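Source file: data_31.tsv; contents: TSV, C-alpha atoms.
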chain	number	residue	atom	x	y	z
A	1	MET	CA	4.65	46.07	6.42
A	2	ARG	CA	6.61	46.06	3.16
A	3	SER	CA	9.27	43.77	4.68
A	4	MET	CA	6.55	41.33	5.84
A	5	THR	CA	5.19	41.18	2.28
A	6	LYS	CA	8.67	40.45	0.92
A	7	LEU	CA	9.23	37.82	3.61
A	8	ALA	CA	5.91	36.13	2.79
A	9	ALA	CA	6.70	36.20	-0.95
A	10	ALA	CA	10.14	34.68	-0.33
A	11	ALA	CA	8.64	31.93	1.83
A	12	LEU	CA	6.05	31.15	-0.84
A	13	ALA	CA	8.75	31.02	-3.53
A	14	LEU	CA	10.64	28.44	-1.47
A	15	LEU	CA	7.55	26.24	-1.08
A	16	ILE	CA	6.53	26.18	-4.75
A	17	PRO	CA	9.31	23.81	-5.92
A	18	VAL	CA	8.54	21.45	-3.05
A	19	ALA	CA	4.86	21.34	-3.93
A	20	ALA	CA	5.59	20.98	-7.64
A	21	GLY	CA	7.83	17.94	-7.06
A	22	ALA	CA	5.66	16.27	-4.45
A	23	ALA	CA	3.87	13.02	-5.15
A	24	THR	CA	0.16	12.61	-4.61
A	25	ILE	CA	-0.98	9.21	-3.41
A	26	GLY	CA	-4.67	8.45	-3.88
A	27	GLY	CA	-6.94	6.48	-1.58
A	28	ALA	CA	-5.82	2.96	-0.80
A	29	TYR	CA	-7.77	-0.29	-0.78
A	30	TYR	CA	-6.74	-3.37	1.20
A	31	ALA	CA	-8.48	-6.72	0.72
A	32	PRO	CA	-9.59	-8.46	3.91
A	33	GLN	CA	-6.97	-11.11	3.06
A	34	TYR	CA	-4.13	-8.53	2.91
A	35	ASP	CA	-1.36	-9.32	5.37
A	36	PHE	CA	2.00	-7.57	5.38
A	37	GLN	CA	3.59	-10.67	6.89
A	38	ASP	CA	2.57	-12.65	3.78
A	39	PHE	CA	4.27	-10.02	1.63
A	40	TRP	CA	7.38	-10.17	3.81
A	41	THR	CA	7.54	-13.96	3.70
A	42	ALA	CA	7.01	-14.06	-0.08
A	43	THR	CA	9.64	-11.42	-0.87
A	44	ASP	CA	12.35	-11.23	1.82
A	45	GLY	CA	15.64	-12.21	0.20
A	46	LYS	CA	13.90	-13.05	-3.08
A	47	ASP	CA	13.06	-11.59	-6.48
A	48	PHE	CA	9.72	-9.80	-6.62
A	49	ARG	CA	8.11	-9.39	-10.01
A	50	VAL	CA	6.90	-6.01	-11.23
A	51	VAL	CA	4.69	-5.92	-14.30
A	52	LEU	CA	4.66	-2.64	-16.23
A	53	ALA	CA	1.71	-1.75	-18.44
A	54	GLY	CA	2.00	1.28	-20.68
A	55	ASN	CA	4.86	3.73	-21.05
A	56	ALA	CA	5.55	5.93	-18.05
A	57	PHE	CA	7.69	8.31	-20.10
A	58	PRO	CA	6.42	8.67	-23.68
A	59	ALA	CA	9.49	10.69	-24.73
A	60	LEU	CA	11.59	7.53	-24.19
A	61	PRO	CA	11.34	4.14	-25.89
A	62	GLU	CA	9.26	1.87	-23.64
A	63	ASN	CA	12.06	-0.66	-22.98
A	64	ASP	CA	14.53	2.14	-22.19
A	65	ALA	CA	12.08	3.76	-19.77
A	66	ALA	CA	11.46	0.40	-18.07
A	67	GLN	CA	15.17	-0.37	-17.63
A	68	ARG	CA	15.87	3.10	-16.25
A	69	LEU	CA	12.91	2.84	-13.86
A	70	LEU	CA	14.00	-0.45	-12.28
A	71	PRO	CA	16.99	0.96	-10.29
A	72	VAL	CA	14.85	3.90	-9.14
A	73	MET	CA	12.29	1.46	-7.71
A	74	GLN	CA	15.06	-0.66	-6.17
A	75	VAL	CA	16.49	2.32	-4.27
A	76	ALA	CA	13.00	3.22	-2.99
A	77	LYS	CA	12.04	-0.41	-2.20
A	78	PRO	CA	9.99	-1.38	0.83
A	79	ARG	CA	11.59	-2.97	3.91
A	80	PRO	CA	11.99	-6.64	2.93
A	81	ALA	CA	15.33	-7.42	1.32
A	82	LEU	CA	13.71	-7.97	-2.07
A	83	THR	CA	15.00	-7.45	-5.59
A	84	PHE	CA	12.59	-6.09	-8.16
A	85	THR	CA	12.57	-7.88	-11.49
A	86	TYR	CA	10.52	-7.74	-14.67
A	87	GLN	CA	11.27	-11.37	-15.58
A	88	LYS	CA	8.38	-13.76	-15.43
A	89	PRO	CA	9.39	-17.06	-13.81
A	90	ILE	CA	9.60	-20.08	-16.10
A	91	VAL	CA	7.20	-21.95	-13.84
A	92	GLU	CA	4.41	-19.74	-12.50
A	93	PRO	CA	4.66	-19.70	-8.71
A	94	ARG	CA	1.61	-20.41	-6.55
A	95	PRO	CA	0.80	-18.14	-4.95
A	96	ASP	CA	1.90	-15.64	-7.59
A	97	TYR	CA	2.67	-12.37	-5.80
A	98	ARG	CA	3.43	-9.39	-8.05
A	99	LEU	CA	3.09	-5.64	-8.33
A	100	VAL	CA	1.39	-4.33	-11.46
A	101	LEU	CA	2.02	-0.70	-12.39
A	102	VAL	CA	-0.38	0.65	-15.01
A	103	PHE	CA	0.65	4.02	-16.42
A	104	ASP	CA	-2.17	6.35	-17.49
A	105	ALA	CA	-4.81	3.71	-16.69
A	106	ALA	CA	-8.29	4.01	-18.16
A	107	ASN	CA	-10.77	5.50	-15.70
A	108	ASP	CA	-12.89	2.33	-15.60
A	109	LEU	CA	-10.01	-0.10	-15.04
A	110	ASN	CA	-10.20	-1.82	-11.66
A	111	GLY	CA	-7.78	-3.88	-9.62
A	112	ASP	CA	-9.58	-7.19	-10.16
A	113	ARG	CA	-9.19	-6.84	-13.92
A	114	VAL	CA	-5.54	-5.84	-13.55
A	115	CYS	CA	-4.77	-8.95	-11.46
A	116	GLN	CA	-6.49	-11.04	-14.15
A	117	GLY	CA	-4.12	-9.56	-16.77
A	118	GLU	CA	-6.30	-6.83	-18.30
A	119	THR	CA	-4.95	-3.32	-18.84
A	120	ARG	CA	-6.38	-0.34	-20.67
A	121	PHE	CA	-5.09	3.17	-21.00
A	122	LYS	CA	-6.09	6.77	-21.61
A	123	ALA	CA	-4.03	9.49	-23.22
A	124	GLY	CA	-1.21	10.62	-20.97
A	125	ILE	CA	-0.21	14.19	-20.18
A	126	PRO	CA	3.44	15.01	-20.98
A	127	GLY	CA	5.42	15.69	-17.81
A	128	LEU	CA	2.85	14.00	-15.54
A	129	LEU	CA	3.54	10.48	-14.23
A	130	LYS	CA	0.29	8.73	-13.28
A	131	ILE	CA	0.36	5.21	-11.86
A	132	PHE	CA	-2.37	2.78	-10.90
A	133	ALA	CA	-0.53	0.34	-8.60
A	134	VAL	CA	-2.03	-3.06	-7.80
A	135	TYR	CA	-0.45	-5.67	-5.53
A	136	CYS	CA	-1.79	-9.06	-6.64
A	137	ARG	CA	-1.81	-12.58	-5.24
A	138	ASN	CA	-2.77	-14.86	-8.10
A	139	ASP	CA	-5.88	-13.24	-9.64
A	140	MET	CA	-6.83	-11.41	-6.46
A	141	VAL	CA	-6.17	-7.81	-5.40
A	142	MET	CA	-4.33	-7.55	-2.09
A	143	SER	CA	-3.99	-3.76	-2.18
A	144	MET	CA	-4.19	-0.93	-4.68
A	145	THR	CA	-3.77	2.82	-4.94
A	146	THR	CA	-2.90	5.57	-7.39
A	147	ALA	CA	0.11	7.87	-7.46
A	148	THR	CA	0.87	11.02	-9.45
A	149	THR	CA	3.82	13.37	-9.75
A	150	GLN	CA	5.39	15.73	-12.24
A	151	ALA	CA	8.28	14.04	-14.04
A	152	THR	CA	9.77	13.74	-17.50
A	153	LEU	CA	12.48	11.14	-16.84
A	154	PRO	CA	12.83	8.10	-14.56
A	155	GLU	CA	15.78	9.76	-12.82
A	156	ASP	CA	13.78	12.84	-11.75
A	157	ARG	CA	13.91	13.19	-7.97
A	158	SER	CA	10.12	13.33	-7.85
A	159	VAL	CA	9.96	9.76	-9.22
A	160	ASP	CA	12.10	8.46	-6.35
A	161	GLN	CA	9.90	10.33	-3.86
A	162	LEU	CA	6.76	8.94	-5.51
A	163	PHE	CA	7.95	5.33	-5.21
A	164	ARG	CA	9.06	5.78	-1.59
A	165	GLN	CA	5.56	7.00	-0.70
A	166	LEU	CA	3.78	4.52	-2.96
A	167	PHE	CA	5.56	1.50	-1.47
A	168	MET	CA	4.68	2.59	2.07
A	169	VAL	CA	1.01	2.65	1.07
A	170	ILE	CA	0.71	-0.38	-1.23
A	171	PHE	CA	2.76	-2.57	1.16
A	172	SER	CA	1.49	-1.10	4.42
A	173	ASP	CA	2.38	-2.70	7.73
A	174	ALA	CA	-0.10	-0.52	9.65
A	175	GLN	CA	-1.29	-2.07	12.89
A	176	GLY	CA	-4.95	-1.77	11.86
A	177	LEU	CA	-4.34	-3.99	8.83
A	178	ARG	CA	-2.78	-6.83	10.79
A	179	PRO	CA	-4.89	-9.93	11.29
A	180	GLN	CA	-5.57	-10.85	14.89
A	181	ASN	CA	-6.82	-14.38	15.48
A	182	GLY	CA	-8.17	-14.52	11.94
A	183	THR	CA	-10.11	-11.23	12.14
A	184	ARG	CA	-9.27	-7.59	11.52
A	185	ARG	CA	-9.25	-4.90	14.15
A	186	ASN	CA	-11.78	-2.10	13.78
Rewrite the structure from the file as structure tokens, please.
Amino acid sequence: MRSMTKLAAAALALLIPVAAGAATIGGAYYAPQYDFQDFWTATDGKDFRVVLAGNAFPALPENDAAQRLLPVMQVAKPRPALTFTYQKPIVEPRPDYRLVLVFDAANDLNGDRVCQGETRFKAGIPGLLKIFAVYCRNDMVMSMTTATTQATLPEDRSVDQLFRQLFMVIFSDAQGLRPQNGTRRN
């Protein structure tokens, strides 16, 4: 019996670091107009703009954190051969597809407001990365979700894992989301 207790304690000790570094992705919303093929067409082989709002890592200067976060997102990128960029095009494209990442978003901030350029924040918790991710087409939400993980630096492994999971959700190619003859499947 004593050996079983030690075995159980050892197994639990091995699981704790995995759970501590795991990302939590919140519920996802997809607009009826969401279509992964539109995302693919708009981004494959092209630059795809990411807008950051807030500072993901308050211990770092905001510009430094942003520059260090870009290669982490690029490694975790979704399937199209896209290149993430923060640069706003000189001439605003129509449609204007972009991903907005709001760090420590205010509780009452919604995706529609984010796509219209509004962001608000609440006090962050050191060591906790909280993202409200909104995929926009012009002023309209295509999809949105939240993501959280424990991290203090952009290079933390948990940040890479968070973005890999986040991109699979925010840019989902799930069969049930695909339009069929202009209507969605139930």
Report as JSON lines the residues of range 9-83 of chain A within 12 Å of range 158-170 of chain A, each with its shortest atom pair and distance in Å (one decimal), using only C-alpha atoms, ordered by chain and increasing residue number.
{"residue": "A:Pro17", "atom": "CA", "partner": "A:Ser158", "partner_atom": "CA", "distance": 10.7}
{"residue": "A:Val18", "atom": "CA", "partner": "A:Ser158", "partner_atom": "CA", "distance": 9.6}
{"residue": "A:Ala19", "atom": "CA", "partner": "A:Ser158", "partner_atom": "CA", "distance": 10.4}
{"residue": "A:Ala20", "atom": "CA", "partner": "A:Ser158", "partner_atom": "CA", "distance": 8.9}
{"residue": "A:Gly21", "atom": "CA", "partner": "A:Ser158", "partner_atom": "CA", "distance": 5.2}
{"residue": "A:Ala22", "atom": "CA", "partner": "A:Ser158", "partner_atom": "CA", "distance": 6.3}
{"residue": "A:Ala23", "atom": "CA", "partner": "A:Leu162", "partner_atom": "CA", "distance": 5.0}
{"residue": "A:Thr24", "atom": "CA", "partner": "A:Leu162", "partner_atom": "CA", "distance": 7.6}
{"residue": "A:Ile25", "atom": "CA", "partner": "A:Leu166", "partner_atom": "CA", "distance": 6.7}
{"residue": "A:Gly26", "atom": "CA", "partner": "A:Leu166", "partner_atom": "CA", "distance": 9.4}
{"residue": "A:Gly27", "atom": "CA", "partner": "A:Val169", "partner_atom": "CA", "distance": 9.2}
{"residue": "A:Ala28", "atom": "CA", "partner": "A:Val169", "partner_atom": "CA", "distance": 7.1}
{"residue": "A:Tyr29", "atom": "CA", "partner": "A:Ile170", "partner_atom": "CA", "distance": 8.5}
{"residue": "A:Tyr30", "atom": "CA", "partner": "A:Ile170", "partner_atom": "CA", "distance": 8.4}
{"residue": "A:Ala31", "atom": "CA", "partner": "A:Ile170", "partner_atom": "CA", "distance": 11.3}
{"residue": "A:Tyr34", "atom": "CA", "partner": "A:Ile170", "partner_atom": "CA", "distance": 10.3}
{"residue": "A:Asp35", "atom": "CA", "partner": "A:Ile170", "partner_atom": "CA", "distance": 11.3}
{"residue": "A:Phe36", "atom": "CA", "partner": "A:Ile170", "partner_atom": "CA", "distance": 9.9}
{"residue": "A:Phe39", "atom": "CA", "partner": "A:Ile170", "partner_atom": "CA", "distance": 10.7}
{"residue": "A:Ala56", "atom": "CA", "partner": "A:Val159", "partner_atom": "CA", "distance": 10.6}
{"residue": "A:Phe57", "atom": "CA", "partner": "A:Val159", "partner_atom": "CA", "distance": 11.2}
{"residue": "A:Arg68", "atom": "CA", "partner": "A:Val159", "partner_atom": "CA", "distance": 11.3}
{"residue": "A:Leu69", "atom": "CA", "partner": "A:Val159", "partner_atom": "CA", "distance": 8.8}
{"residue": "A:Leu70", "atom": "CA", "partner": "A:Asp160", "partner_atom": "CA", "distance": 10.9}
{"residue": "A:Pro71", "atom": "CA", "partner": "A:Asp160", "partner_atom": "CA", "distance": 9.8}
{"residue": "A:Val72", "atom": "CA", "partner": "A:Asp160", "partner_atom": "CA", "distance": 6.0}
{"residue": "A:Met73", "atom": "CA", "partner": "A:Phe163", "partner_atom": "CA", "distance": 6.3}
{"residue": "A:Gln74", "atom": "CA", "partner": "A:Phe163", "partner_atom": "CA", "distance": 9.3}
{"residue": "A:Val75", "atom": "CA", "partner": "A:Asp160", "partner_atom": "CA", "distance": 7.8}
{"residue": "A:Ala76", "atom": "CA", "partner": "A:Arg164", "partner_atom": "CA", "distance": 4.9}
{"residue": "A:Lys77", "atom": "CA", "partner": "A:Phe167", "partner_atom": "CA", "distance": 6.8}
{"residue": "A:Pro78", "atom": "CA", "partner": "A:Phe167", "partner_atom": "CA", "distance": 5.8}
{"residue": "A:Arg79", "atom": "CA", "partner": "A:Met168", "partner_atom": "CA", "distance": 9.1}
{"residue": "A:Pro80", "atom": "CA", "partner": "A:Phe167", "partner_atom": "CA", "distance": 11.3}
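Take the candidates A:Val50, A:Met144, A:Leu109, A:Ala123 and check each one against Leu82 in chain A using all atoms listed in the file; the shortest distance goes to A:Val50.
Distance check against Asn63 in chain A using all atoms listed in the file: of A:Asp47, A:Val91, A:Tyr86, A:Thr146, the minimum falls on A:Tyr86.
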Please provide as a compact mmCIF listing (two decimals) with C-alpha atoms, in the coordinates of the input all residues within 12 Å of Arg94 in chain A, with the sequence filter that same-chain residues fewer than 3 positions apart are discarded (counting only C-alpha atoms).
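Written output follows (around-v4.txt):
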# COMPACT_ATOMS: atom_id res chain seq x y z
CA ALA A 42 7.01 -14.06 -0.08
CA PRO A 89 9.39 -17.06 -13.81
CA VAL A 91 7.20 -21.95 -13.84
CA TYR A 97 2.67 -12.37 -5.80
CA ARG A 98 3.43 -9.39 -8.05
CA CYS A 136 -1.79 -9.06 -6.64
CA ARG A 137 -1.81 -12.58 -5.24
CA ASN A 138 -2.77 -14.86 -8.10
CA ASP A 139 -5.88 -13.24 -9.64
- Excluding same-chain residues fewer than 3 positions from Pro126 in chain A, what lies within 12 Å of it counting all atoms listed in the file, as an MDAnalysis selection string? chainID A and resid 55:60 104 123 129:130 149:153
- Would you kindly identify which residues have an atom no farther than 12 Å from (-7.1, -14.1, -13.2), using all atoms listed in the file and the file's own coordinates, and write them out as a list in words? Asp96, Gly111, Asp112, Arg113, Val114, Cys115, Gln116, Gly117, Glu118, Cys136, Arg137, Asn138, Asp139, Met140 and Val141 of chain A
- Item | Closest of A:Ser172, A:Pro32, A:Arg157, A:Phe103 to Ala65 in chain A - atom-to-atom distances counting all atoms listed in the file | A:Phe103
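Here the residues that fall within 8 Å of (12.4, -8.5, -12.0), using all atoms listed in the file, are given as Asp47, Phe48, Arg49, Val50, Thr83, Phe84, Thr85, Tyr86, Gln87 and Lys88 of chain A.
If you look at CA of Lys46 in chain A and CA of Pro93 in chain A, they are 12.7 Å away from each other.
CA of Thr148 in chain A is found 17.5 Å from CA of Arg120 in chain A.
Picture a line from CA of Gly54 in chain A to CA of Ala105 in chain A; it runs 8.3 Å.
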